[in-house]
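Worksheet: the structure to be examined is printed underneath.
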Amino acid sequence: MPPEGPAAVQGRSRGWTVPGNYQPVHALMAKLRLGPYERPGPFGLRDILRKYGHWVALGLLGVLVLAGVSLLLAGLNRRLKASRAALNEARNRLEERVAERTAELAASEHKYRGIINGAREGFWLVAPDLTILEANQALGRILGYTPEEIAGRTPIDFVAPDPRRILEVELGRIAESETRSYEVTLLAKSGSRVPVLVQATTLWDQAGSVRFAGGVLTDLTAFKEVEASLRRNNRVLRALSRSNRALLYAEDEQELLDEVCRIAVEEGGYPLAWIGFCERDRHDLRGGVAMAGERPNAMAQLGSECQDDMAERYPSLQAIAMGRPVILQDLGHHTEAHPPGPGRPPITDWPLWPRCPSATKASRGPW
């Protein structure tokens with residue numbers, strides 16, 4: 001039907017032509033039961049798919065999903081069985097490992113106790129409440145107690161009064177620092193003072209709470225004695241060096257003696273130094289020729305004859321008579337010659353020149 005045909009003009013259309021696709025026409029005719037589709041033919045698979053295709057697709061999809069879920073469950077079941085078997089095996093290995101570890105810990109504890117008890121340094125184990133849980137035998141020897149007597153008490157019970165604040169501060173730092181090192185003086189059972197070096201370590205549990213603090217205590221008594229001896233020797237060496245210099249620069253004998261006494265006190269650290277003469281023509285001792293230090297006037301009273309009955313009272317006379325140094329440790333029996341004072345050290349007298357005339361030869365010289 002061309003566009004200028006009467007029907008096209010009357011229908012106000014542009015005419016008809018051959019369609020590009022006949023499938024919609026066939027579908028329309030089949031639905032309306034027109035033409036060749038007026039009588040329905042056999043209902044085959046294609047008809048089923050054409051009419052119920054989406055349901056079939058949904059059904060197949062459901063089957064596939066069920067099959068996938070079944071496979072997944074089967075895989076999970078296999079893995080679960082394998083995991084259960086592995087768990088049982090791991091539990092058995094863990095039980096064996098726990099037994100081995102328990103034996104190792106027992107051996108380690110035995111070894112630890114052997115090392116701690118066999119150590120030369122003291123050791124204590126302090127709880128968070130500052131109670132001593134354990135002490136070794138070396139600490140017992142240092143303090144004069146048995147380890148059982150130390151356990152159950154606190155470190156404060158063994159510290160001397162004057163350095164107690166040091167130990168209190170360091171014990172207060174148990175939860176603040178992992179390691180600490182400090183010196184403190186402890187009191188032994190006999191009442192003697194024992195300087196020790198404490199090297200402490202704090203151990204925490206997994207929750208961050210303090211389990212205990214262990215401390216290794218080293219007895220510093222021998223070190224302190226050596227240190228004091230070295231200080232004394234250094235002072236003596238300094239005094240000797242300064243005295244040699246004074247010998248070179250002194251203009252007269254009195255200046256030399258005064259300078260030597262001053263050096264002995266200031267450089268040597270001695271509280272008192274003095275020099276006297278044993279007269280050649282008289283059997284007496286002239287004190288106060290040169291002196292320096294505390295209570296020098298006490299030595300000015302020393303002026304008595306060199307007699308045998310006086311030698312026992314005066315170590316200076318003993319030094320003159322015997323020609324060797326005399327050390328006086330007990331000042332209580334010699335208060336006439338050397339008045340004692342608080343903390344006064346022992347008195348030592350040295351004969352610097354030959355003996356007094358009352359001994360062998362007549363000579364004069366400082367001592």
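So you can find residues: chains in the structure tokens are A, B, ... in the order shown, residues in each start at 1, and ligands are numbered from 1 in order.
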Would you please give, as a PDB file with N, CA, C and O atoms, in the first residue's frame, all residues of segment 74-286 of chain A that DSSP assigns to strand (DSSP E) based on the backbone?
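Saved the output as selection35.pdb:
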```pdb
ATOM      1  N   GLY A 122      74.630 -11.961  98.894  1.00  0.00           N
ATOM      2  CA  GLY A 122      73.342 -12.195  99.526  1.00  0.00           C
ATOM      3  C   GLY A 122      72.201 -11.979  98.551  1.00  0.00           C
ATOM      4  O   GLY A 122      72.336 -11.282  97.547  1.00  0.00           O
ATOM      5  N   PHE A 123      71.069 -12.590  98.844  1.00  0.00           N
ATOM      6  CA  PHE A 123      69.896 -12.458  97.971  1.00  0.00           C
ATOM      7  C   PHE A 123      68.648 -12.492  98.825  1.00  0.00           C
ATOM      8  O   PHE A 123      68.536 -13.301  99.762  1.00  0.00           O
ATOM      9  N   TRP A 124      67.704 -11.571  98.512  1.00  0.00           N
ATOM     10  CA  TRP A 124      66.386 -11.660  99.124  1.00  0.00           C
ATOM     11  C   TRP A 124      65.325 -11.417  98.062  1.00  0.00           C
ATOM     12  O   TRP A 124      65.543 -10.747  97.072  1.00  0.00           O
ATOM     13  N   LEU A 125      64.182 -12.033  98.286  1.00  0.00           N
ATOM     14  CA  LEU A 125      63.031 -11.912  97.393  1.00  0.00           C
ATOM     15  C   LEU A 125      61.934 -11.215  98.175  1.00  0.00           C
ATOM     16  O   LEU A 125      61.468 -11.723  99.207  1.00  0.00           O
ATOM     17  N   VAL A 126      61.517 -10.030  97.685  1.00  0.00           N
ATOM     18  CA  VAL A 126      60.604  -9.168  98.427  1.00  0.00           C
ATOM     19  C   VAL A 126      59.252  -9.144  97.724  1.00  0.00           C
ATOM     20  O   VAL A 126      59.175  -8.950  96.503  1.00  0.00           O
ATOM     21  N   ILE A 132      59.824 -10.094 103.090  1.00  0.00           N
ATOM     22  CA  ILE A 132      60.877 -10.913 102.492  1.00  0.00           C
ATOM     23  C   ILE A 132      60.362 -12.339 102.379  1.00  0.00           C
ATOM     24  O   ILE A 132      60.087 -13.007 103.381  1.00  0.00           O
ATOM     25  N   LEU A 133      60.205 -12.812 101.136  1.00  0.00           N
ATOM     26  CA  LEU A 133      59.694 -14.158 100.907  1.00  0.00           C
ATOM     27  C   LEU A 133      60.775 -15.215 101.064  1.00  0.00           C
ATOM     28  O   LEU A 133      60.493 -16.328 101.513  1.00  0.00           O
ATOM     29  N   GLU A 134      61.987 -14.852 100.681  1.00  0.00           N
ATOM     30  CA  GLU A 134      63.061 -15.849 100.671  1.00  0.00           C
ATOM     31  C   GLU A 134      64.401 -15.141 100.807  1.00  0.00           C
ATOM     32  O   GLU A 134      64.569 -14.017 100.330  1.00  0.00           O
ATOM     33  N   ALA A 135      65.337 -15.783 101.478  1.00  0.00           N
ATOM     34  CA  ALA A 135      66.700 -15.268 101.628  1.00  0.00           C
ATOM     35  C   ALA A 135      67.656 -16.442 101.495  1.00  0.00           C
ATOM     36  O   ALA A 135      67.333 -17.574 101.876  1.00  0.00           O
ATOM     37  N   THR A 179      64.955  -1.791  87.337  1.00  0.00           N
ATOM     38  CA  THR A 179      66.201  -2.077  88.029  1.00  0.00           C
ATOM     39  C   THR A 179      66.610  -0.887  88.876  1.00  0.00           C
ATOM     40  O   THR A 179      66.328   0.259  88.519  1.00  0.00           O
ATOM     41  N   ARG A 180      67.263  -1.185  89.975  1.00  0.00           N
ATOM     42  CA  ARG A 180      67.755  -0.144  90.878  1.00  0.00           C
ATOM     43  C   ARG A 180      69.087  -0.601  91.460  1.00  0.00           C
ATOM     44  O   ARG A 180      69.298  -1.806  91.648  1.00  0.00           O
ATOM     45  N   SER A 181      69.967   0.341  91.741  1.00  0.00           N
ATOM     46  CA  SER A 181      71.261   0.037  92.354  1.00  0.00           C
ATOM     47  C   SER A 181      71.572   1.139  93.356  1.00  0.00           C
ATOM     48  O   SER A 181      71.556   2.317  93.000  1.00  0.00           O
ATOM     49  N   TYR A 182      71.835   0.747  94.593  1.00  0.00           N
ATOM     50  CA  TYR A 182      72.088   1.743  95.635  1.00  0.00           C
ATOM     51  C   TYR A 182      72.879   1.094  96.770  1.00  0.00           C
ATOM     52  O   TYR A 182      72.921  -0.137  96.893  1.00  0.00           O
ATOM     53  N   GLU A 183      73.519   1.944  97.570  1.00  0.00           N
ATOM     54  CA  GLU A 183      74.265   1.486  98.750  1.00  0.00           C
ATOM     55  C   GLU A 183      73.476   1.813 100.005  1.00  0.00           C
ATOM     56  O   GLU A 183      72.850   2.870 100.097  1.00  0.00           O
ATOM     57  N   VAL A 184      73.524   0.911 100.947  1.00  0.00           N
ATOM     58  CA  VAL A 184      72.838   1.118 102.218  1.00  0.00           C
ATOM     59  C   VAL A 184      73.596   0.342 103.286  1.00  0.00           C
ATOM     60  O   VAL A 184      74.321  -0.614 102.985  1.00  0.00           O
ATOM     61  N   THR A 185      73.466   0.761 104.521  1.00  0.00           N
ATOM     62  CA  THR A 185      74.146   0.107 105.644  1.00  0.00           C
ATOM     63  C   THR A 185      73.131  -0.697 106.440  1.00  0.00           C
ATOM     64  O   THR A 185      72.122  -0.148 106.906  1.00  0.00           O
ATOM     65  N   LEU A 186      73.387  -2.000 106.580  1.00  0.00           N
ATOM     66  CA  LEU A 186      72.502  -2.882 107.335  1.00  0.00           C
ATOM     67  C   LEU A 186      73.103  -3.164 108.709  1.00  0.00           C
ATOM     68  O   LEU A 186      74.303  -3.000 108.937  1.00  0.00           O
ATOM     69  N   LEU A 187      72.239  -3.585 109.619  1.00  0.00           N
ATOM     70  CA  LEU A 187      72.669  -3.949 110.966  1.00  0.00           C
ATOM     71  C   LEU A 187      72.672  -5.466 111.095  1.00  0.00           C
ATOM     72  O   LEU A 187      71.650  -6.120 110.860  1.00  0.00           O
ATOM     73  N   ARG A 193      77.678  -2.776 111.872  1.00  0.00           N
ATOM     74  CA  ARG A 193      77.150  -2.162 110.657  1.00  0.00           C
ATOM     75  C   ARG A 193      77.822  -2.792 109.442  1.00  0.00           C
ATOM     76  O   ARG A 193      79.051  -2.917 109.399  1.00  0.00           O
ATOM     77  N   VAL A 194      77.012  -3.167 108.460  1.00  0.00           N
ATOM     78  CA  VAL A 194      77.516  -3.836 107.263  1.00  0.00           C
ATOM     79  C   VAL A 194      77.103  -3.015 106.043  1.00  0.00           C
ATOM     80  O   VAL A 194      75.924  -2.970 105.695  1.00  0.00           O
ATOM     81  N   PRO A 195      78.054  -2.345 105.386  1.00  0.00           N
ATOM     82  CA  PRO A 195      77.697  -1.638 104.144  1.00  0.00           C
ATOM     83  C   PRO A 195      77.502  -2.639 103.006  1.00  0.00           C
ATOM     84  O   PRO A 195      78.323  -3.538 102.817  1.00  0.00           O
ATOM     85  N   VAL A 196      76.424  -2.486 102.266  1.00  0.00           N
ATOM     86  CA  VAL A 196      76.131  -3.404 101.170  1.00  0.00           C
ATOM     87  C   VAL A 196      75.719  -2.601  99.941  1.00  0.00           C
ATOM     88  O   VAL A 196      75.205  -1.487 100.033  1.00  0.00           O
ATOM     89  N   LEU A 197      75.955  -3.207  98.781  1.00  0.00           N
ATOM     90  CA  LEU A 197      75.466  -2.683  97.505  1.00  0.00           C
ATOM     91  C   LEU A 197      74.276  -3.538  97.098  1.00  0.00           C
ATOM     92  O   LEU A 197      74.399  -4.755  96.958  1.00  0.00           O
ATOM     93  N   VAL A 198      73.116  -2.902  96.923  1.00  0.00           N
ATOM     94  CA  VAL A 198      71.888  -3.610  96.566  1.00  0.00           C
ATOM     95  C   VAL A 198      71.612  -3.385  95.078  1.00  0.00           C
ATOM     96  O   VAL A 198      71.522  -2.239  94.633  1.00  0.00           O
ATOM     97  N   GLN A 199      71.504  -4.468  94.330  1.00  0.00           N
ATOM     98  CA  GLN A 199      71.116  -4.421  92.920  1.00  0.00           C
ATOM     99  C   GLN A 199      69.781  -5.148  92.802  1.00  0.00           C
ATOM    100  O   GLN A 199      69.731  -6.369  92.887  1.00  0.00           O
ATOM    101  N   ALA A 200      68.699  -4.361  92.651  1.00  0.00           N
ATOM    102  CA  ALA A 200      67.342  -4.899  92.712  1.00  0.00           C
ATOM    103  C   ALA A 200      66.701  -4.912  91.330  1.00  0.00           C
ATOM    104  O   ALA A 200      66.978  -4.065  90.487  1.00  0.00           O
ATOM    105  N   THR A 201      65.832  -5.900  91.127  1.00  0.00           N
ATOM    106  CA  THR A 201      65.086  -6.045  89.869  1.00  0.00           C
ATOM    107  C   THR A 201      63.637  -6.354  90.207  1.00  0.00           C
ATOM    108  O   THR A 201      63.361  -7.198  91.068  1.00  0.00           O
ATOM    109  N   THR A 202      62.706  -5.680  89.520  1.00  0.00           N
ATOM    110  CA  THR A 202      61.272  -5.894  89.717  1.00  0.00           C
ATOM    111  C   THR A 202      60.717  -6.738  88.575  1.00  0.00           C
ATOM    112  O   THR A 202      61.049  -6.525  87.418  1.00  0.00           O
ATOM    113  N   LEU A 203      59.880  -7.705  88.916  1.00  0.00           N
ATOM    114  CA  LEU A 203      59.215  -8.552  87.927  1.00  0.00           C
ATOM    115  C   LEU A 203      57.706  -8.344  88.035  1.00  0.00           C
ATOM    116  O   LEU A 203      57.152  -8.329  89.143  1.00  0.00           O
ATOM    117  N   TRP A 204      57.046  -8.187  86.853  1.00  0.00           N
ATOM    118  CA  TRP A 204      55.608  -7.988  86.795  1.00  0.00           C
ATOM    119  C   TRP A 204      54.945  -9.209  86.164  1.00  0.00           C
ATOM    120  O   TRP A 204      55.563  -9.974  85.420  1.00  0.00           O
ATOM    121  N   VAL A 210      52.902  -5.968  90.127  1.00  0.00           N
ATOM    122  CA  VAL A 210      54.198  -6.408  90.640  1.00  0.00           C
ATOM    123  C   VAL A 210      54.054  -7.787  91.271  1.00  0.00           C
ATOM    124  O   VAL A 210      53.197  -8.004  92.135  1.00  0.00           O
ATOM    125  N   ARG A 211      54.851  -8.729  90.799  1.00  0.00           N
ATOM    126  CA  ARG A 211      54.875 -10.058  91.413  1.00  0.00           C
ATOM    127  C   ARG A 211      55.803 -10.075  92.616  1.00  0.00           C
ATOM    128  O   ARG A 211      55.419 -10.473  93.712  1.00  0.00           O
ATOM    129  N   PHE A 212      57.034  -9.654  92.417  1.00  0.00           N
ATOM    130  CA  PHE A 212      58.002  -9.559  93.502  1.00  0.00           C
ATOM    131  C   PHE A 212      59.210  -8.797  92.992  1.00  0.00           C
ATOM    132  O   PHE A 212      59.330  -8.505  91.800  1.00  0.00           O
ATOM    133  N   ALA A 213      60.114  -8.479  93.906  1.00  0.00           N
ATOM    134  CA  ALA A 213      61.370  -7.808  93.572  1.00  0.00           C
ATOM    135  C   ALA A 213      62.515  -8.611  94.179  1.00  0.00           C
ATOM    136  O   ALA A 213      62.474  -8.976  95.357  1.00  0.00           O
ATOM    137  N   GLY A 214      63.498  -8.913  93.343  1.00  0.00           N
ATOM    138  CA  GLY A 214      64.661  -9.642  93.810  1.00  0.00           C
ATOM    139  C   GLY A 214      65.840  -8.700  93.990  1.00  0.00           C
ATOM    140  O   GLY A 214      66.034  -7.772  93.194  1.00  0.00           O
ATOM    141  N   GLY A 215      66.619  -8.899  95.037  1.00  0.00           N
ATOM    142  CA  GLY A 215      67.763  -8.033  95.306  1.00  0.00           C
ATOM    143  C   GLY A 215      69.009  -8.845  95.590  1.00  0.00           C
ATOM    144  O   GLY A 215      68.969  -9.813  96.370  1.00  0.00           O
ATOM    145  N   VAL A 216      70.103  -8.489  94.933  1.00  0.00           N
ATOM    146  CA  VAL A 216      71.412  -9.104  95.189  1.00  0.00           C
ATOM    147  C   VAL A 216      72.206  -8.136  96.049  1.00  0.00           C
ATOM    148  O   VAL A 216      72.394  -6.973  95.675  1.00  0.00           O
ATOM    149  N   LEU A 217      72.667  -8.591  97.214  1.00  0.00           N
ATOM    150  CA  LEU A 217      73.353  -7.740  98.174  1.00  0.00           C
ATOM    151  C   LEU A 217      74.822  -8.153  98.258  1.00  0.00           C
ATOM    152  O   LEU A 217      75.137  -9.300  98.596  1.00  0.00           O
ATOM    153  N   THR A 218      75.701  -7.213  97.937  1.00  0.00           N
ATOM    154  CA  THR A 218      77.142  -7.452  97.982  1.00  0.00           C
ATOM    155  C   THR A 218      77.727  -6.764  99.209  1.00  0.00           C
ATOM    156  O   THR A 218      77.532  -5.566  99.408  1.00  0.00           O
ATOM    157  N   ASP A 219      78.421  -7.537 100.029  1.00  0.00           N
ATOM    158  CA  ASP A 219      79.059  -6.991 101.223  1.00  0.00           C
ATOM    159  C   ASP A 219      80.233  -6.103 100.804  1.00  0.00           C
ATOM    160  O   ASP A 219      81.176  -6.560 100.160  1.00  0.00           O
ATOM    161  N   LEU A 272      95.484  16.061 114.671  1.00  0.00           N
ATOM    162  CA  LEU A 272      96.488  16.765 115.477  1.00  0.00           C
ATOM    163  C   LEU A 272      97.873  16.270 115.061  1.00  0.00           C
ATOM    164  O   LEU A 272      98.089  15.081 114.865  1.00  0.00           O
ATOM    165  N   ALA A 273      98.796  17.183 114.927  1.00  0.00           N
ATOM    166  CA  ALA A 273     100.198  16.839 114.645  1.00  0.00           C
ATOM    167  C   ALA A 273     101.080  17.765 115.475  1.00  0.00           C
ATOM    168  O   ALA A 273     100.823  18.967 115.563  1.00  0.00           O
ATOM    169  N   TRP A 274     102.109  17.204 116.081  1.00  0.00           N
ATOM    170  CA  TRP A 274     103.022  18.028 116.868  1.00  0.00           C
ATOM    171  C   TRP A 274     104.415  17.418 116.845  1.00  0.00           C
ATOM    172  O   TRP A 274     104.592  16.246 116.561  1.00  0.00           O
ATOM    173  N   ILE A 275     105.389  18.217 117.155  1.00  0.00           N
ATOM    174  CA  ILE A 275     106.795  17.806 117.174  1.00  0.00           C
ATOM    175  C   ILE A 275     107.414  18.320 118.463  1.00  0.00           C
ATOM    176  O   ILE A 275     107.222  19.490 118.840  1.00  0.00           O
ATOM    177  N   GLY A 276     108.147  17.430 119.156  1.00  0.00           N
ATOM    178  CA  GLY A 276     108.860  17.826 120.371  1.00  0.00           C
ATOM    179  C   GLY A 276     110.320  17.411 120.280  1.00  0.00           C
ATOM    180  O   GLY A 276     110.715  16.690 119.360  1.00  0.00           O
ATOM    181  N   PHE A 277     111.119  17.853 121.228  1.00  0.00           N
ATOM    182  CA  PHE A 277     112.562  17.553 121.261  1.00  0.00           C
ATOM    183  C   PHE A 277     112.909  16.785 122.528  1.00  0.00           C
ATOM    184  O   PHE A 277     112.335  17.027 123.592  1.00  0.00           O
ATOM    185  N   CYS A 278     113.821  15.869 122.367  1.00  0.00           N
ATOM    186  CA  CYS A 278     114.437  15.216 123.516  1.00  0.00           C
ATOM    187  C   CYS A 278     115.814  15.851 123.683  1.00  0.00           C
ATOM    188  O   CYS A 278     116.707  15.662 122.844  1.00  0.00           O
ATOM    189  N   LEU A 285     111.500  15.802 128.061  1.00  0.00           N
ATOM    190  CA  LEU A 285     110.854  15.993 126.777  1.00  0.00           C
ATOM    191  C   LEU A 285     110.258  17.390 126.723  1.00  0.00           C
ATOM    192  O   LEU A 285     109.489  17.768 127.598  1.00  0.00           O
ATOM    193  N   ARG A 286     110.646  18.150 125.726  1.00  0.00           N
ATOM    194  CA  ARG A 286     110.113  19.500 125.573  1.00  0.00           C
ATOM    195  C   ARG A 286     109.059  19.480 124.478  1.00  0.00           C
ATOM    196  O   ARG A 286     109.361  19.307 123.313  1.00  0.00           O
TER     197      ARG A 286
END
```
At a cut-off of 10 Å, using only C-alpha atoms, what residues contact Gln254 of chain A? Leave out same-chain residues fewer than 4 positions from it and give the result as a list in words. Ala250, Asp258, Glu259, Val260, Val289 and Ala290 of chain A
Any chance you could export the current selection's N, CA, C and O atoms as a short mmCIF file (atom, residue, chain, number, x, y, z; two decimals), in the first residue's frame?
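Wrote it out as out_10.cif, contents follow:
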```cif
data_model
loop_
_atom_site.label_atom_id
_atom_site.label_comp_id
_atom_site.auth_asym_id
_atom_site.auth_seq_id
_atom_site.Cartn_x
_atom_site.Cartn_y
_atom_site.Cartn_z
N ALA A 250 111.96 25.96 103.05
CA ALA A 250 111.98 26.53 104.40
C ALA A 250 113.27 27.30 104.64
O ALA A 250 114.36 26.86 104.24
N ASP A 258 106.89 23.93 111.67
CA ASP A 258 105.51 24.44 111.64
C ASP A 258 104.81 24.01 110.35
O ASP A 258 103.63 23.62 110.36
N GLU A 259 105.53 24.09 109.23
CA GLU A 259 104.93 23.74 107.94
C GLU A 259 104.63 22.24 107.87
O GLU A 259 103.59 21.83 107.35
N VAL A 260 105.52 21.41 108.42
CA VAL A 260 105.27 19.96 108.41
C VAL A 260 104.04 19.62 109.23
O VAL A 260 103.20 18.79 108.82
N VAL A 289 107.07 22.37 120.46
CA VAL A 289 108.00 23.06 119.56
C VAL A 289 107.27 23.47 118.29
O VAL A 289 107.44 24.58 117.79
N ALA A 290 106.46 22.56 117.75
CA ALA A 290 105.63 22.87 116.59
C ALA A 290 104.40 21.99 116.67
O ALA A 290 104.49 20.81 117.02
#
```
Contacts of segment 36-38 of chain A at 12 Å (only C-alpha atoms; same-chain gap of 5+ positions) as a PyMOL selection string: chain A and resi 25-31
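The two atoms in question, atom CA of Glu266 of chain A and atom CA of Arg245 of chain A, are spaced 15.0 Å apart.
In the backbone-derived DSSP annotation, alpha helix (DSSP H) within segment 155-209 of chain A comprises A:Arg164, A:Arg165, A:Ile166, A:Leu167, A:Glu168, A:Val169, A:Glu170, A:Leu171, A:Gly172.
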Please report, as a tab-separated table, each residue of segment 59-172 of chain A lying at most 10 Å from segment 52-55 of chain A, together with the nearest pair of atoms and the separation in Å rounded to one decimal; use only C-alpha atoms, and order rows by chain and ascending residue number.
```
residue	atom	partner	partner_atom	distance
A:Gly59	CA	A:Trp55	CA	6.1
A:Leu60	CA	A:Trp55	CA	8.6
A:Leu61	CA	A:Trp55	CA	9.6
```
Selected residue of minimal separation from Leu171 of chain A among A:Gly15, A:Pro2, A:Pro128, A:Gly323, counting only C-alpha atoms: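 Ranked by minimum distance to Leu171 of chain A, first place goes to A:Pro128.
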Who sits within 12 Å of Arg141 of chain A, only C-alpha atoms, same chain under 2 positions skipped, as a list in words: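 My list of contacting residues is Asn117, Gly118, Ala119, Arg120, Glu121, Gly122, Phe123, Ala135, Asn136, Gln137, Ala138, Leu139, Leu143, Gly144, Tyr145, Thr146, Pro147, Glu149, Ile150, Ala188, Lys189, Ser190, Val194, Leu217, Thr218 and Asp219 of chain A.
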Could you work out how far atom CA of Glu255 of chain A lies from atom CA of Leu240 of chain A, giving the answer in Å with one decimal? 16.3 Å
Of the listed residues A:Ala222, A:Met1, A:Leu32, A:Leu45, that which approaches Val18 of chain A most closely, counting only C-alpha atoms: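 Counting only C-alpha atoms, the residue closest to Val18 of chain A is A:Met1.
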Would you mind reading off the distance between atom CA of Tyr249 of chain A and atom CA of Ile263 of chain A, one decimal, in Å? 14.0 Å
I want to know what sits within 12 Å of Gly268 of chain A, based on only C-alpha atoms, with residues of the same chain fewer than 4 positions away left out; could you give that as JSON, numbers by chain? {"A": [231, 232, 233, 234, 235, 236, 237, 238, 239, 240, 241, 242, 243, 260, 261, 262, 263, 264, 272, 273, 292, 293]}
